[in-house]
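Structure file target.txt; described as compact mmCIF, C-alpha atoms and all ligand atoms.
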```txt
# COMPACT_ATOMS: atom_id res chain seq x y z
CA MET K 59 14.46 -19.68 -12.50
CA CYS K 60 14.24 -15.95 -13.09
CA GLN K 61 15.20 -14.25 -16.33
CA GLY K 62 16.22 -10.64 -16.72
CA GLY K 63 14.69 -10.39 -20.18
CA PRO K 64 14.90 -7.52 -22.64
CA GLY K 65 14.05 -4.84 -20.06
CA HIS K 66 17.37 -5.65 -18.38
CA ARG K 67 19.37 -4.22 -21.25
CA GLY K 68 18.12 -0.69 -20.74
CA PHE K 69 15.08 1.48 -20.48
CA VAL K 70 12.60 2.03 -23.18
CA ALA K 71 12.78 5.78 -23.72
CA TYR K 72 9.46 6.78 -22.13
CA ASP K 73 8.83 9.76 -19.96
CA VAL K 74 7.42 9.10 -16.49
CA VAL K 75 4.06 10.31 -17.76
CA MET K 76 2.84 7.16 -19.41
CA GLU K 77 0.31 7.01 -22.19
CA HIS K 78 -2.02 4.17 -23.14
CA ALA K 79 0.53 2.86 -25.65
CA ASP K 80 3.12 2.63 -22.85
CA HIS K 81 0.74 0.66 -20.61
CA VAL K 82 0.09 -1.70 -23.51
CA ARG K 83 3.80 -2.12 -24.23
CA LEU K 84 4.55 -2.88 -20.57
CA ILE K 85 2.21 -5.86 -20.36
CA ARG K 86 1.63 -7.02 -23.95
CA ASP K 87 4.21 -9.83 -24.09
CA GLY K 88 2.92 -11.25 -20.82
CA VAL K 89 -0.68 -11.26 -22.00
CA VAL K 90 -0.57 -12.32 -25.67
CA GLY K 91 -1.15 -16.05 -26.10
CA GLY K 92 -2.30 -16.46 -22.52
CA GLY K 93 -6.03 -16.88 -23.16
CA PRO K 94 -9.02 -14.49 -23.02
CA ALA K 95 -10.07 -14.48 -19.33
CA TRP K 96 -8.15 -12.01 -17.15
CA ALA K 97 -8.48 -10.01 -13.95
CA ASP K 98 -6.89 -6.70 -13.00
CA LEU K 99 -6.47 -6.50 -9.21
CA GLY K 100 -6.18 -2.99 -7.83
CA SER K 101 -7.23 -1.65 -11.21
CA GLY K 102 -7.90 1.93 -10.04
CA ARG K 103 -8.94 4.25 -12.83
CA GLY K 104 -8.10 1.50 -15.27
CA ALA K 105 -4.81 2.32 -16.99
CA PHE K 106 -3.98 -1.38 -17.29
CA THR K 107 -7.60 -2.53 -17.61
CA LEU K 108 -7.75 -0.41 -20.77
CA ALA K 109 -4.43 -1.90 -21.89
CA LEU K 110 -5.78 -5.41 -21.27
CA ALA K 111 -8.98 -4.59 -23.17
CA ASP K 112 -6.91 -3.33 -26.10
CA ILE K 113 -4.66 -6.41 -26.14
CA LEU K 114 -7.41 -9.01 -25.61
CA GLY K 115 -9.88 -7.50 -28.07
CA PRO K 116 -13.55 -8.46 -28.46
CA SER K 117 -13.09 -12.06 -27.25
CA GLY K 118 -11.58 -10.88 -23.96
CA SER K 119 -13.27 -10.82 -20.58
CA ILE K 120 -11.85 -8.90 -17.64
CA VAL K 121 -12.72 -8.88 -13.95
CA SER K 122 -11.69 -5.47 -12.67
CA VAL K 123 -11.26 -5.32 -8.88
CA ASP K 124 -10.66 -2.28 -6.72
CA ARG K 125 -11.84 -1.16 -3.30
CA ASP K 126 -12.32 2.37 -4.64
CA ALA K 127 -15.81 2.55 -6.14
CA GLY K 128 -15.19 6.06 -7.52
CA ALA K 129 -12.10 4.94 -9.43
CA LEU K 130 -14.08 2.04 -10.90
CA ARG K 131 -16.83 4.41 -12.03
CA GLU K 132 -14.29 6.57 -13.87
CA GLN K 133 -12.78 3.45 -15.39
CA ALA K 134 -16.19 2.20 -16.55
CA GLY K 135 -16.76 5.40 -18.52
CA GLU K 136 -13.43 5.12 -20.34
CA LEU K 137 -13.90 1.41 -21.05
CA HIS K 138 -17.35 2.01 -22.44
CA ARG K 139 -16.09 4.84 -24.63
CA ARG K 140 -12.96 3.15 -25.97
CA PHE K 141 -13.53 -0.62 -25.78
CA PRO K 142 -17.31 -1.15 -25.66
CA VAL K 143 -17.20 -4.71 -26.97
CA VAL K 144 -14.86 -6.11 -24.28
CA THR K 145 -16.69 -7.72 -21.36
CA VAL K 146 -15.65 -6.14 -18.06
CA ASP K 147 -17.04 -7.28 -14.72
CA GLN K 148 -16.27 -4.60 -12.14
CA ARG K 149 -16.11 -5.51 -8.47
CA VAL K 150 -15.69 -3.19 -5.52
CA ALA K 151 -13.67 -5.53 -3.32
CA ASP K 152 -10.51 -6.00 -1.28
CA PHE K 153 -8.12 -8.24 -3.22
CA SER K 154 -6.48 -9.36 0.02
CA ALA K 155 -9.75 -11.07 1.02
CA PRO K 156 -10.89 -14.31 -0.65
CA LEU K 157 -12.36 -13.54 -4.08
CA ASP K 158 -14.35 -15.93 -6.21
CA LEU K 159 -12.59 -15.18 -9.50
CA GLY K 160 -11.29 -18.26 -11.18
CA PRO K 161 -10.27 -20.13 -13.07
CA LEU K 162 -8.62 -17.31 -15.00
CA ASP K 163 -6.05 -17.33 -17.79
CA GLY K 164 -4.21 -14.41 -16.29
CA ILE K 165 -4.09 -11.72 -13.63
CA VAL K 166 -2.52 -8.27 -13.79
CA MET K 167 -1.38 -6.53 -10.61
CA ALA K 168 -0.09 -3.09 -11.55
CA ASN K 169 1.17 -0.79 -8.82
CA SER K 170 -1.13 -2.51 -6.34
CA LEU K 171 0.80 -5.36 -4.69
CA HIS K 172 3.08 -2.79 -3.07
CA PHE K 173 0.24 -1.86 -0.70
CA VAL K 174 0.55 -5.28 0.94
CA ARG K 175 3.35 -5.81 3.48
CA ASP K 176 3.17 -9.60 3.75
CA LYS K 177 2.31 -10.73 0.24
CA THR K 178 2.04 -14.47 0.99
CA SER K 179 -1.71 -14.80 1.40
CA VAL K 180 -2.55 -12.44 -1.49
CA LEU K 181 -0.29 -14.45 -3.80
CA ALA K 182 -1.87 -17.69 -2.60
CA GLY K 183 -5.27 -16.23 -3.55
CA VAL K 184 -3.94 -15.14 -6.93
CA ARG K 185 -2.56 -18.62 -7.61
CA ALA K 186 -5.85 -20.21 -6.60
CA ALA K 187 -7.71 -18.00 -9.09
CA LEU K 188 -5.47 -19.02 -12.02
CA ARG K 189 -5.82 -22.13 -14.15
CA ASP K 190 -2.80 -24.41 -14.54
CA ASP K 191 -0.19 -22.47 -16.54
CA GLY K 192 -2.15 -19.25 -15.97
CA ARG K 193 -0.07 -16.07 -15.84
CA LEU K 194 0.54 -13.34 -13.31
CA VAL K 195 1.72 -10.06 -14.82
CA LEU K 196 3.20 -7.71 -12.25
CA VAL K 197 3.94 -4.01 -12.77
CA GLU K 198 6.00 -2.70 -9.87
CA TYR K 199 8.55 -0.14 -8.74
CA ASP K 200 12.08 -1.55 -8.91
CA ALA K 201 12.94 -0.73 -5.31
CA ASP K 202 12.99 -2.56 -1.99
CA ARG K 203 12.49 0.59 0.07
CA GLY K 204 9.21 2.33 -0.24
CA ASN K 205 7.73 5.63 0.86
CA HIS K 206 4.41 6.96 2.07
CA TRP K 207 2.73 6.48 -1.33
CA VAL K 208 4.42 3.22 -2.33
CA PRO K 209 4.88 1.44 0.99
CA PHE K 210 6.19 -2.04 0.09
CA PRO K 211 7.63 -2.23 -3.44
CA MET K 212 9.97 -4.99 -4.61
CA THR K 213 12.94 -4.99 -6.94
CA PHE K 214 12.73 -7.49 -9.77
CA ASP K 215 15.20 -9.75 -7.91
CA THR K 216 13.05 -9.68 -4.78
CA TRP K 217 9.96 -10.36 -6.89
CA CYS K 218 11.67 -13.41 -8.44
CA ARG K 219 12.30 -14.88 -5.00
CA THR K 220 8.85 -13.92 -3.71
CA ALA K 221 7.07 -15.36 -6.74
CA GLU K 222 9.04 -18.61 -6.54
CA ALA K 223 8.31 -18.95 -2.80
CA ALA K 224 4.62 -18.48 -3.61
CA GLY K 225 4.75 -21.35 -6.13
CA PHE K 226 5.07 -19.40 -9.40
CA ARG K 227 7.69 -20.35 -11.99
CA ASP K 228 9.48 -18.94 -15.03
CA THR K 229 9.41 -15.35 -13.82
CA ARG K 230 10.86 -13.04 -16.44
CA ARG K 231 11.12 -9.32 -16.86
CA LEU K 232 9.16 -7.87 -19.74
CA ALA K 233 10.06 -4.17 -19.84
CA SER K 234 11.10 -1.19 -17.74
CA VAL K 235 10.30 2.51 -17.73
CA PRO K 236 12.00 5.27 -15.74
CA SER K 237 10.22 6.64 -12.69
CA ARG K 238 10.74 10.01 -11.08
CA PHE K 239 9.70 8.58 -7.71
CA LEU K 240 11.58 5.32 -7.25
CA GLY K 241 14.09 4.83 -10.04
CA SER K 242 12.13 2.68 -12.45
CA ILE K 243 9.02 0.61 -12.98
CA TYR K 244 9.30 -2.90 -14.43
CA SER K 245 6.83 -5.42 -15.68
CA ALA K 246 7.28 -9.16 -15.25
CA VAL K 247 5.35 -12.31 -16.04
CA SER K 248 5.24 -15.50 -13.95
CA VAL K 249 3.51 -18.81 -14.62
CA ARG K 250 1.32 -20.65 -12.13
C1 LIG Y 1 -1.51 3.20 -7.44
S1 LIG Y 1 -3.13 2.67 -7.86
C2 LIG Y 1 -2.80 1.71 -9.33
C3 LIG Y 1 -3.97 1.64 -10.25
C4 LIG Y 1 -3.70 0.93 -11.56
N1 LIG Y 1 -3.46 -0.49 -11.38
C5 LIG Y 1 -2.54 1.58 -12.29
O1 LIG Y 1 -1.44 1.01 -12.31
O2 LIG Y 1 -2.73 2.69 -12.81
C6 LIG Y 1 -3.42 1.37 -6.67
C7 LIG Y 1 -4.86 0.90 -6.67
O3 LIG Y 1 -4.93 -0.29 -5.88
C8 LIG Y 1 -6.08 -0.23 -5.10
N2 LIG Y 1 -5.89 -1.12 -3.96
C9 LIG Y 1 -4.87 -1.10 -3.07
N3 LIG Y 1 -5.00 -2.08 -2.18
C10 LIG Y 1 -6.15 -2.74 -2.50
C11 LIG Y 1 -6.83 -3.84 -1.95
N4 LIG Y 1 -6.37 -4.49 -0.87
N5 LIG Y 1 -7.96 -4.28 -2.55
C12 LIG Y 1 -8.45 -3.63 -3.64
N6 LIG Y 1 -7.85 -2.56 -4.20
C13 LIG Y 1 -6.71 -2.12 -3.64
C14 LIG Y 1 -6.27 1.22 -4.75
O4 LIG Y 1 -7.60 1.52 -4.41
C15 LIG Y 1 -5.81 1.90 -6.04
O5 LIG Y 1 -6.90 2.12 -6.92
```

Could you rewrite the structure in this file as structure tokens?
Ligand SMILES: C[S@@+](CC[C@H](N)C(=O)[O-])C[C@H]1O[C@@H](n2cnc3c(N)ncnc32)[C@H](O)[C@@H]1O
Amino acid sequence: MCQGGPGHRGFVAYDVVMEHADHVRLIRDGVVGGGPAWADLGSGRGAFTLALADILGPSGSIVSVDRDAGALREQAGELHRRFPVVTVDQRVADFSAPLDLGPLDGIVMANSLHFVRDKTSVLAGVRAALRDDGRLVLVEYDADRGNHWVPFPMTFDTWCRTAEAAGFRDTRRLASVPSRFLGSIYSAVSVR
């Protein structure tokens, strides 16, 4: 069953230029209480890796995966500067290929799943990397029609159906922020 959650009642009043505090607010409720071992798939320059590091604190460990080695290098500098005590294992890899990641307490996919047209096999890999009751936190544009930069986004309703078909349960919306490009961005958490 999918739940609209608090983000359904209206936007948090952020600008489209998000700050670290906004990244934290988007995912915090999906991460807190979920355990210390997380991965960020398609982590890029690390906006949500930094948010995860902030939320998890010194006991956290994060596997940060991106196919862009340059973005990971930038991310490493920021992580070292701001959260030096959090363990981060960076991997230059394609998250649509099999990855030896698990078992993890949680996975964040922020603005990265929309690069995949058929999400079935990626979501099967994500499920396989999570422990029982592990969490998937998605950050995604709330649109079913994409564009050149965001090819295959999903509305929250589409994500609910997609997540359920992939075997996830209890999908609920966490928060939303306005987007200049595609209406809004939401965050949601699902349970393996
Ligand atoms: C729009 S950026 C989002 C970065 C970050 N998660 C954020 O929200 O700020 C998308 C990132 O996903 C990465 N990416 C897309 N498809 C990927 C794949 N199949 N495997 C690994 N990384 C991928 C890109 O290299 C890029 O860094």

**OP:** Enumerate as an MDAnalysis selection string the residues within 8 Å of ligand LIG 1 (chain Y), counting only C-alpha atoms and all ligand atoms.
**Re:** chainID K and resid 98:107 123:126 129 150:155 167:171 173:174 197 208

I need the residues from that last selection saved to file as a PDB file, in the coordinates of the input (with C-alpha atoms), if you can.
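This is the output file selection23.pdb:
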```
ATOM      1  CA  ASP K  98      -6.890  -6.700 -13.000  1.00  0.00           C
ATOM      2  CA  LEU K  99      -6.470  -6.500  -9.210  1.00  0.00           C
ATOM      3  CA  GLY K 100      -6.180  -2.990  -7.830  1.00  0.00           C
ATOM      4  CA  SER K 101      -7.230  -1.650 -11.210  1.00  0.00           C
ATOM      5  CA  GLY K 102      -7.900   1.930 -10.040  1.00  0.00           C
ATOM      6  CA  ARG K 103      -8.940   4.250 -12.830  1.00  0.00           C
ATOM      7  CA  GLY K 104      -8.100   1.500 -15.270  1.00  0.00           C
ATOM      8  CA  ALA K 105      -4.810   2.320 -16.990  1.00  0.00           C
ATOM      9  CA  PHE K 106      -3.980  -1.380 -17.290  1.00  0.00           C
ATOM     10  CA  THR K 107      -7.600  -2.530 -17.610  1.00  0.00           C
ATOM     11  CA  VAL K 123     -11.260  -5.320  -8.880  1.00  0.00           C
ATOM     12  CA  ASP K 124     -10.660  -2.280  -6.720  1.00  0.00           C
ATOM     13  CA  ARG K 125     -11.840  -1.160  -3.300  1.00  0.00           C
ATOM     14  CA  ASP K 126     -12.320   2.370  -4.640  1.00  0.00           C
ATOM     15  CA  ALA K 129     -12.100   4.940  -9.430  1.00  0.00           C
ATOM     16  CA  VAL K 150     -15.690  -3.190  -5.520  1.00  0.00           C
ATOM     17  CA  ALA K 151     -13.670  -5.530  -3.320  1.00  0.00           C
ATOM     18  CA  ASP K 152     -10.510  -6.000  -1.280  1.00  0.00           C
ATOM     19  CA  PHE K 153      -8.120  -8.240  -3.220  1.00  0.00           C
ATOM     20  CA  SER K 154      -6.480  -9.360   0.020  1.00  0.00           C
ATOM     21  CA  ALA K 155      -9.750 -11.070   1.020  1.00  0.00           C
ATOM     22  CA  MET K 167      -1.380  -6.530 -10.610  1.00  0.00           C
ATOM     23  CA  ALA K 168      -0.090  -3.090 -11.550  1.00  0.00           C
ATOM     24  CA  ASN K 169       1.170  -0.790  -8.820  1.00  0.00           C
ATOM     25  CA  SER K 170      -1.130  -2.510  -6.340  1.00  0.00           C
ATOM     26  CA  LEU K 171       0.800  -5.360  -4.690  1.00  0.00           C
ATOM     27  CA  PHE K 173       0.240  -1.860  -0.700  1.00  0.00           C
ATOM     28  CA  VAL K 174       0.550  -5.280   0.940  1.00  0.00           C
ATOM     29  CA  VAL K 197       3.940  -4.010 -12.770  1.00  0.00           C
ATOM     30  CA  VAL K 208       4.420   3.220  -2.330  1.00  0.00           C
TER      31      VAL K 208
END
```

**OP:** Write out as a ChimeraX atom specification the residues lying within 9 Å of Asp190 in chain K, counting all atoms listed in the file and excluding same-chain residues fewer than 6 positions away.
**Re:** /K:161,163,249-250

**OP:** Can you work out which one of K:Arg238, K:Arg227, K:His206, K:Arg86 has the shortest atom-to-atom distance to Arg185 in chain K, counting all atoms listed in the file?
**Re:**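 Of K:Arg238, K:Arg227, K:His206, K:Arg86, the one nearest Arg185 in chain K is K:Arg227, counting all atoms listed in the file.
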
**OP:** Could you tell me how far CA of Arg189 in chain K lies from CA of Gly160 in chain K, in Å and to one decimal?
**Re:** 7.3 Å

**OP:** Kindly give the distance, in Å, that separates CA of Pro211 in chain K and CA of Gln133 in chain K, rounded to a single decimal.
**Re:**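 These atoms are spaced 24.3 Å apart.
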
**OP:** Kindly indicate which residue among K:Asp228, K:Val235, K:Val180, K:Ser245 lies nearest to Phe214 in chain K, using all atoms listed in the file for the distances.
**Re:**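 For Phe214 in chain K, the nearest of the candidates is K:Ser245.
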
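Among the candidate residues K:Ser119, K:Ser242, K:Thr229, K:Thr178, the one lying nearest to Leu196 in chain K is K:Thr229, with distances computed using all atoms listed in the file.
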
Subject >> Selection near Asp112 in chain K, 12 Å with all atoms listed in the file, sequence-local residues under 6 positions removed, as a PyMOL selection string >> reply: chain K and resi 78-79+81-83+85-86+89-90+94+104-106+118-120+137+140-145

Original post:
Of the residues K:Val195, K:Ala186, K:Val75, K:Ala221, which is the one nearest to Ala246 in chain K, using all atoms listed in the file?
Top reply: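 Looking at the shortest contact to Ala246 in chain K, the residue is K:Val195.
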